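A.B. asks: Sharing a structure, written as C-alpha cells. Questions coming.
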Amino acid sequence: MYRGKRISVVIPCHNEEEGIVAVLDQMPAIVDEVVVVDNCSTDGTAKVATEHGACVVRENRKGYGYAHKAGYAAARGDIIITMDGDRTYPPDSVPLLLYVMFEEKVDFITARRWYSKAGDTKSPIRLLGNAILSGTMMALYFRFIIDSQSGMWLFRKEILADLDLTSNGMALSEEIKIEAFTHPSVRAIEIPIYYGQRVGTSKLNIWRDGFYNFFFLVKKRFTLRKKQPRLRTLAPVRTAELEQPERRAGGLG
Ligand SMILES: Nc1nc2c(ncn2[C@@H]2O[C@H](COP(=O)(O)OP(=O)(O)OP(=O)(O)O)[C@@H](O)[C@H]2O)c(=O)[nH]1
Ligand SMILES: [Mg+2]
C-alpha cells in the first residue's frame with residue numbers, strides 16, 4: 001500500500017524458474033500483490049512463484065502481450081507495475097518510482113534502462129536494435145522516449161480503459177508507451193533506472209522480434225486514432241449542501 005493505493009506487480013513469465021525467485025525475493029513490502037503470469041512454461045515457474053508468495057495465473061496463449069493482458073485483468077491494485085521475471089529490472093526502485101508518480105502527479109512511468117551497477121552491458125547488436133526502434137518511434141510519433149523496449153512501467157489501472165492495446169506479442173512494450181504518451185489525458189514520463197544481468201535464457205528472438213516490432217511501429221502510426229480527452233468524474237455534490245444554499249453562499253461571515 002502506498003498513499004492509500006494498492007500496488008500490484010505483474011510479471012509475465014515463460015520458463016523463468018530461476019529468475020522469478022530472485023525477483024520475488026527482492027520485492028519491497030510496499031507491494032501488496034505480485035501476479036506472476038505463467039505463459040506456457042514447461043519448468044517449475046508456477047510452483048516456485050507460488051512458494052515465494054506470488055499469485056500465479058495461467059495464460060495458455062503464448063505471447064508477451066497475451067501474458068501482460070492476463071496479468072492486468074487479474075491484478076486488483078490501483079497501481080500496476082510491470083517487470084520481467086529475469087532479475088533485469090530493480091524491484092528496489094519501486095518506492096522511488098511511486099514517490100515520483102505521486103509527487104509529479106503522473107499516470108504512466110516507463111523505466112529507461114540506463115546503467116548496470118555490475119558493469120555489464122548489452123550486446124552491440126541489441127544496443128543497435130534498441131536505438132533503431134527507439135529512433136523510429138521518436139521520428140514517427142514525435143515523443144522523446146529513449147528506451148522504447150523497456151519492460152518496466154508503472155501506471156494507474158484506470159488508464160487502461162483509455163489505451164488501445166492491440167499487440168499480443170513483444171510489440172506490446174512499444175505500443176503501451178505510444179498509447180500513453182499520445183493520449184491527451186494521460187500524463188506520461190520516462191525515468192532512468194539501473195538494470196541487472198539476466199538470470200536464465202532470453203526469450204527474445206532478436207531478428208524476428210526486432211523486425212516485427214519495427215513494422216508494428218510503422219503500421220500503428222497509420223492506425224493510431226486521435227483520442228478525446230477523458231471526462232474526469234466530478235465529485236458528487238452532497239445532499240446537505242443542496243439543502244443549505246445560504247450557508248454555501250455565505251462565505252466566512
Ligand atoms: N519473449 C517472450 N517473453 C515472454 C513470453 N511470455 C512471457 N514472457 C516473459 O516476458 C519477459 C520478457 O522476455 P525476455 O526474454 O526477458 O525479453 P527481453 O527482456 O527483451 O530480453 P532479455 O534482455 O534477454 O531479458 C520475460 O519475463 C519472459 O519470461 C513470450 O511469449 N515471449
Ligand atoms: Mg528480460
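Ligands are numbered from 1 in the order shown, chains are lettered A, B, ... in the order of the C-alpha cells, and residues start at 1 in each chain.
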Hey, what's within 6 Å of region 173-189 of chain A if we count only C-alpha atoms and toss same-chain stuff fewer than 2 positions away? As a list in words, please?

C.D. replies: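 That gives Val106, Asp107, Phe108, Ile109, Ser148, Gln149, Leu163, Ala171, Pro229 and Arg230 of chain A.
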
A.B. asks: Just list the residues in region 49-207 of chain A DSSP gives strand (DSSP E) on the backbone, as a PyMOL selection string.

C.D. replies: chain A and resi 55-59+79-82+108-116+153-156+188-195

A.B. asks: Based on the selection just made, write C-alpha atoms of those residues as a PDB file, in the first residue's frame.

C.D. replies:
```
ATOM      1  CA  CYS A  55      -0.397 -15.188  -7.066  1.00  0.00           C
ATOM      2  CA  VAL A  56       0.017 -17.261 -10.243  1.00  0.00           C
ATOM      3  CA  VAL A  57      -2.367 -17.020 -13.178  1.00  0.00           C
ATOM      4  CA  ARG A  58      -2.080 -19.051 -16.348  1.00  0.00           C
ATOM      5  CA  GLU A  59      -2.221 -17.700 -19.888  1.00  0.00           C
ATOM      6  CA  ILE A  79      -1.360   0.971  -9.481  1.00  0.00           C
ATOM      7  CA  ILE A  80       0.164  -1.694 -11.716  1.00  0.00           C
ATOM      8  CA  ILE A  81       3.918  -2.147 -12.037  1.00  0.00           C
ATOM      9  CA  THR A  82       5.443  -4.479 -14.613  1.00  0.00           C
ATOM     10  CA  PHE A 108       2.275   6.428 -16.513  1.00  0.00           C
ATOM     11  CA  ILE A 109       6.016   5.988 -15.972  1.00  0.00           C
ATOM     12  CA  THR A 110       8.263   3.959 -18.228  1.00  0.00           C
ATOM     13  CA  ALA A 111      11.636   2.993 -16.764  1.00  0.00           C
ATOM     14  CA  ARG A 112      14.578   3.580 -19.060  1.00  0.00           C
ATOM     15  CA  ARG A 113      17.384   1.039 -18.672  1.00  0.00           C
ATOM     16  CA  TRP A 114      20.296   3.339 -18.092  1.00  0.00           C
ATOM     17  CA  TYR A 115      23.239   1.729 -16.375  1.00  0.00           C
ATOM     18  CA  SER A 116      24.229  -1.572 -14.797  1.00  0.00           C
ATOM     19  CA  TRP A 153       6.238   0.506 -16.353  1.00  0.00           C
ATOM     20  CA  LEU A 154       4.044   1.898 -13.599  1.00  0.00           C
ATOM     21  CA  PHE A 155       0.541   3.086 -14.323  1.00  0.00           C
ATOM     22  CA  ARG A 156      -2.768   3.811 -12.681  1.00  0.00           C
ATOM     23  CA  ALA A 188       3.435  10.108 -19.021  1.00  0.00           C
ATOM     24  CA  ILE A 189       7.173  10.365 -18.336  1.00  0.00           C
ATOM     25  CA  GLU A 190      10.330   8.273 -18.710  1.00  0.00           C
ATOM     26  CA  ILE A 191      12.704   7.818 -15.752  1.00  0.00           C
ATOM     27  CA  PRO A 192      16.147   6.145 -15.728  1.00  0.00           C
ATOM     28  CA  ILE A 193      16.756   3.038 -13.601  1.00  0.00           C
ATOM     29  CA  TYR A 194      19.650   0.704 -13.001  1.00  0.00           C
ATOM     30  CA  TYR A 195      19.369  -2.661 -14.701  1.00  0.00           C
TER      31      TYR A 195
END
```

A.B. asks: Where does DSSP see alpha helix (DSSP H) in region 74-138 of chain A, if you list the residues as number ranges by chain?

C.D. replies: A: 74, 94-103, 124-138

A.B. asks: Filtering to C-alpha atoms, could you give me those residues as a CSV table (one decimal), in the first residue's frame?

C.D. replies:
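Produced file selection19.csv, reproduced below:
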```csv
chain,number,residue,atom,x,y,z
A,74,ALA,CA,-6.1,-10.4,-12.6
A,94,VAL,CA,9.7,0.7,-6.9
A,95,PRO,CA,9.3,3.0,-3.8
A,96,LEU,CA,11.3,5.8,-5.6
A,97,LEU,CA,9.2,5.4,-8.8
A,98,LEU,CA,6.0,5.5,-6.8
A,99,TYR,CA,7.2,8.6,-5.0
A,100,VAL,CA,7.8,10.4,-8.3
A,101,MET,CA,4.5,9.2,-9.7
A,102,PHE,CA,2.6,10.8,-6.8
A,103,GLU,CA,4.7,13.9,-6.3
A,124,PRO,CA,26.2,-4.3,-29.5
A,125,ILE,CA,23.5,-5.8,-31.7
A,126,ARG,CA,20.9,-5.3,-29.0
A,127,LEU,CA,22.0,-1.7,-28.4
A,128,LEU,CA,21.8,-1.0,-32.1
A,129,GLY,CA,18.4,-2.7,-32.4
A,130,ASN,CA,17.1,-0.7,-29.5
A,131,ALA,CA,18.5,2.5,-30.9
A,132,ILE,CA,16.9,1.9,-34.3
A,133,LEU,CA,13.5,1.1,-32.8
A,134,SER,CA,13.5,4.0,-30.3
A,135,GLY,CA,14.7,6.4,-33.0
A,136,THR,CA,12.0,5.2,-35.3
A,137,MET,CA,9.4,5.6,-32.6
A,138,MET,CA,10.6,9.2,-31.9
```

A.B. asks: Counting only C-alpha atoms and all ligand atoms, which protein, DNA or RNA residues come within 12 Å of ligand 2, given as a PyMOL selection string?

C.D. replies: chain A and resi 11-16+19-20+23+64+82-90+113+122+149-152+170+173+195-205

A.B. asks: Looking at A:Ala161, A:Gly169, A:His68, A:Thr45, which one is nearest to Asp209 (chain A), with distances taken over only C-alpha atoms?

C.D. replies: A:Gly169

A.B. asks: Which residues, written as a list in words, have at least one atom at most 7 Å from Gly77 (chain A), with only C-alpha atoms counted and residues fewer than 6 positions away on the same chain left out?

C.D. replies: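 Near Gly77 (chain A), the qualifying residues are Arg6, Ile7 and Ser8 of chain A.
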
A.B. asks: Go ahead and write the residues just picked, C-alpha atoms, as an mmCIF file, in the first residue's frame.

C.D. replies:
```
data_model
loop_
_atom_site.group_PDB
_atom_site.id
_atom_site.type_symbol
_atom_site.label_atom_id
_atom_site.label_comp_id
_atom_site.auth_asym_id
_atom_site.auth_seq_id
_atom_site.Cartn_x
_atom_site.Cartn_y
_atom_site.Cartn_z
ATOM 1 C CA ARG A 6 -2.991 -0.815 -3.569
ATOM 2 C CA ILE A 7 0.126 -1.751 -5.501
ATOM 3 C CA SER A 8 0.215 -4.769 -7.853
#
```

A.B. asks: Which residue gives the smallest distance to ligand 1 among A:Glu158, A:Asp38, A:Asp43, A:Glu104, with only C-alpha atoms and all ligand atoms counted?

C.D. replies: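 Checking each of A:Glu158, A:Asp38, A:Asp43, A:Glu104 against ligand 1, counting only C-alpha atoms and all ligand atoms, the winner is A:Asp38.
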